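Notes to accompany the following structure.
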Amino acid sequence: MAIGERIHHFRLLHGFTQKYLGKLLGFNDMQADVRIAQYEKGSRSPKEKYLNALADIFEVSPHALSVPDIDSYIGLMHTFFALEDIYGLHIAKIDGELCLCLDKDKGILYQSIFRMFQAWQEQAEKLQSGEITKEEYDQWRYTYPQMEADKTKKSLDALRAKQNTKAQAEKQ
């Protein structure tokens with residue numbers, strides 16, 4: 001999630017208008033809402049002093065606002081937190097193990113993500129069982145979702161061919 005989206009998320013969470021938030025940052029009446037709108041749209045990024053001020057206003061870490069750097073543990077954690085906010089991914093303990101779980105209350109979003117995770121799990125299982133090689137697994141991951149789309153298209157084409165064959169047989 002981009003920094004502008006994070007600012008927007010926390011602003012709404014606190015019930016602030018763009019103008020009110022801009023004024024809290026010290027911008028005048030004419031600039032306040034415009035500047036926040038620019039931040040939220042991504043046409044402008046807040047300087048570090050404003051990023052820190054926003055974090056103070058929202059009572060969050062600056063890491064919660066900035067684009068997470070997944071090459072650091074803190075950045076990775078804030079990526080998970082953003083995924084929780086956006087997609088309902090949350091942590092739970094199941095049979096004594098820590099697990100990432102999807103929120104079923106997210107409806108269609110849950111179903112979409114579930115299908116993606118299910119496809120990933122199926123490929124990982126094939127790798128683990130030796131059905132596919134690491135190279136094939138990596139090809140699937142690095143070309144996702146294209147290979148899934150191709151697989152779905154092949155299945156649909158086969159189903160259509162079967163239906164056409166059946167329809168032709170019924171005509172005869």
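For the structure tokens, the naming scheme is as follows: chains receive sequential letters (A, B, ...) according to their order of presentation, residues are indexed from 1 within each chain, and ligands are indexed from 1 in presentation order.
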**Study point:** Residue contacts of Asp33 in chain A (8 Å, only C-alpha atoms) excluding same-chain residues fewer than 2 positions away, as a PyMOL selection string
**Key:** chain A and resi 17-22+29-31+35-37
If you keep C-alpha atoms, can you produce a file of those selected residues as a CSV table (one decimal), in the first residue's frame?
chain,number,residue,atom,x,y,z
A,17,THR,CA,-11.2,15.8,7.1
A,18,GLN,CA,-8.3,16.6,4.7
A,19,LYS,CA,-8.5,20.3,5.7
A,20,TYR,CA,-8.4,19.5,9.5
A,21,LEU,CA,-5.5,17.2,9.1
A,22,GLY,CA,-3.6,19.7,6.9
A,29,ASP,CA,-6.5,27.3,5.2
A,30,MET,CA,-5.8,27.6,1.5
A,31,GLN,CA,-3.2,24.8,1.4
A,35,ARG,CA,-1.7,19.3,0.4
A,36,ILE,CA,-3.4,16.3,2.1
A,37,ALA,CA,-5.2,15.5,-1.2
Please report as CSV every residue of range 46-118 of chain A lying within 10 Å of range 122-127 of chain A, along with the nearest atom pair and their distance in Å (one decimal), using only C-alpha atoms.
residue,atom,partner,partner_atom,distance
A:Met116,CA,A:Glu122,CA,10.0
A:Phe117,CA,A:Glu122,CA,8.5
A:Gln118,CA,A:Glu122,CA,6.1
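Taking only C-alpha atoms, the non-local environment of Ala55 in chain A within 12 Å (same-chain residues fewer than 3 positions away omitted) comprises A:Ile3, A:Arg6, A:Ile7, A:Phe10, A:Arg11, A:Leu21, A:Leu24, A:Leu25, A:Pro46, A:Glu48, A:Lys49, A:Tyr50, A:Leu51, A:Asn52, A:Phe58, A:Glu59, A:Val60, A:Ser61, A:Pro62, A:His63, A:Ala64, A:Leu65, A:Ser66.
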For the residues in the current selection, export N, CA, C and O atoms as a tab-separated table (two decimals), in the first residue's frame.
chain	number	residue	atom	x	y	z
A	3	ILE	N	2.11	5.18	0.40
A	3	ILE	CA	2.03	6.08	1.55
A	3	ILE	C	0.73	6.90	1.55
A	3	ILE	O	0.12	7.11	2.59
A	6	ARG	N	-2.05	4.91	2.89
A	6	ARG	CA	-1.93	4.75	4.35
A	6	ARG	C	-2.41	6.02	5.06
A	6	ARG	O	-3.12	5.95	6.07
A	7	ILE	N	-2.01	7.19	4.54
A	7	ILE	CA	-2.45	8.46	5.13
A	7	ILE	C	-3.97	8.52	5.08
A	7	ILE	O	-4.63	8.86	6.07
A	10	PHE	N	-5.54	6.11	7.71
A	10	PHE	CA	-5.48	6.59	9.09
A	10	PHE	C	-6.29	7.87	9.29
A	10	PHE	O	-6.86	8.08	10.36
A	11	ARG	N	-6.36	8.70	8.26
A	11	ARG	CA	-7.18	9.92	8.38
A	11	ARG	C	-8.64	9.55	8.59
A	11	ARG	O	-9.31	10.06	9.49
A	21	LEU	N	-6.76	17.81	8.94
A	21	LEU	CA	-5.45	17.17	9.06
A	21	LEU	C	-4.36	18.11	8.55
A	21	LEU	O	-3.30	18.24	9.18
A	24	LEU	N	-3.64	20.61	11.15
A	24	LEU	CA	-2.86	20.03	12.24
A	24	LEU	C	-1.37	19.97	11.88
A	24	LEU	O	-0.50	20.07	12.76
A	25	LEU	N	-1.08	19.81	10.58
A	25	LEU	CA	0.31	19.76	10.12
A	25	LEU	C	0.92	21.17	9.99
A	25	LEU	O	2.11	21.30	9.76
A	46	PRO	N	5.01	13.34	1.45
A	46	PRO	CA	5.38	14.21	2.57
A	46	PRO	C	6.87	14.13	2.88
A	46	PRO	O	7.45	13.03	2.81
A	48	GLU	N	10.10	14.18	5.35
A	48	GLU	CA	10.27	13.40	6.57
A	48	GLU	C	9.65	14.08	7.79
A	48	GLU	O	9.02	13.42	8.62
A	49	LYS	N	9.79	15.41	7.90
A	49	LYS	CA	9.23	16.11	9.07
A	49	LYS	C	7.70	15.99	9.09
A	49	LYS	O	7.09	15.84	10.14
A	50	TYR	N	7.06	16.03	7.92
A	50	TYR	CA	5.61	15.88	7.87
A	50	TYR	C	5.19	14.43	8.09
A	50	TYR	O	4.16	14.17	8.72
A	51	LEU	N	5.99	13.51	7.60
A	51	LEU	CA	5.71	12.09	7.83
A	51	LEU	C	5.75	11.80	9.34
A	51	LEU	O	4.85	11.15	9.88
A	52	ASN	N	6.77	12.33	10.01
A	52	ASN	CA	6.87	12.14	11.46
A	52	ASN	C	5.73	12.83	12.19
A	52	ASN	O	5.19	12.30	13.16
A	58	PHE	N	-1.47	10.63	14.25
A	58	PHE	CA	-2.22	9.38	14.20
A	58	PHE	C	-1.84	8.43	15.33
A	58	PHE	O	-2.45	7.37	15.48
A	59	GLU	N	-0.80	8.79	16.09
A	59	GLU	CA	-0.29	7.96	17.18
A	59	GLU	C	0.12	6.58	16.67
A	59	GLU	O	-0.26	5.54	17.22
A	60	VAL	N	0.90	6.60	15.58
A	60	VAL	CA	1.43	5.37	14.99
A	60	VAL	C	2.92	5.56	14.72
A	60	VAL	O	3.44	6.67	14.79
A	61	SER	N	3.59	4.48	14.38
A	61	SER	CA	4.99	4.55	13.97
A	61	SER	C	5.06	5.13	12.56
A	61	SER	O	4.18	4.86	11.74
A	62	PRO	N	6.11	5.88	12.25
A	62	PRO	CA	6.27	6.33	10.86
A	62	PRO	C	6.32	5.14	9.89
A	62	PRO	O	5.93	5.27	8.73
A	63	HIS	N	6.75	3.98	10.38
A	63	HIS	CA	6.77	2.77	9.54
A	63	HIS	C	5.37	2.37	9.10
A	63	HIS	O	5.20	1.75	8.05
A	64	ALA	N	4.37	2.70	9.91
A	64	ALA	CA	2.99	2.35	9.57
A	64	ALA	C	2.47	3.21	8.42
A	64	ALA	O	1.50	2.84	7.77
A	65	LEU	N	3.11	4.35	8.18
A	65	LEU	CA	2.68	5.24	7.11
A	65	LEU	C	3.48	5.05	5.83
A	65	LEU	O	2.94	5.15	4.73
A	66	SER	N	4.75	4.79	5.97
A	66	SER	CA	5.61	4.72	4.79
A	66	SER	C	5.45	3.38	4.08
A	66	SER	O	4.92	2.43	4.63
Practice item. Determine which residues of range 2-168 of chain A receive a DSSP assignment of strand (DSSP E or B), computed from the backbone, and state them as a VMD selection string. Key: chain A and resid 90 to 94 97 to 101
Check your understanding: What are the DSSP helix (DSSP H, G or I) residues of range 41-154 of chain A, as a ChimeraX atom specification?
Key -> /A:41,48-58,62-65,73-87,104-106,108-129,134-143,146-154
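Of the listed residues A:Lys153, A:Lys166, A:Leu89, A:Glu135, the one whose atoms come nearest to Cys101 in chain A is A:Leu89, with distances taken using only C-alpha atoms.
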Review point. Leaving out Ala82 in chain A and any residue of its chain fewer than 3 positions from it, which residues lie within 8 Å of it when counting only C-alpha atoms, given as a PyMOL selection string?
Key: chain A and resi 1+64+78-79+85-86
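Computed from the coordinates, the CA of Leu109 in chain A to CA of Gln146 in chain A distance equals 20.0 Å.
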Check your understanding: For the atom pair CA of Gln128 in chain A and CA of Ser72 in chain A, what is the interatomic distance in Å to one decimal place?
Key -> 27.9 Å
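You will find CA of Asp103 in chain A at 7.3 Å from CA of His90 in chain A.
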Point to revise | Lys106 in chain A surroundings by only C-alpha atoms, 10 Å radius, close-in-sequence under 4 positions cut, as an MDAnalysis selection string | key: chainID A and resid 87:89 102 110:113
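Comparing the minimum interatomic distances between Met147 in chain A and each of A:Thr133, A:Ala167, A:Asp95, A:Ala119, counting only C-alpha atoms, we find that A:Ala119 sits nearest.
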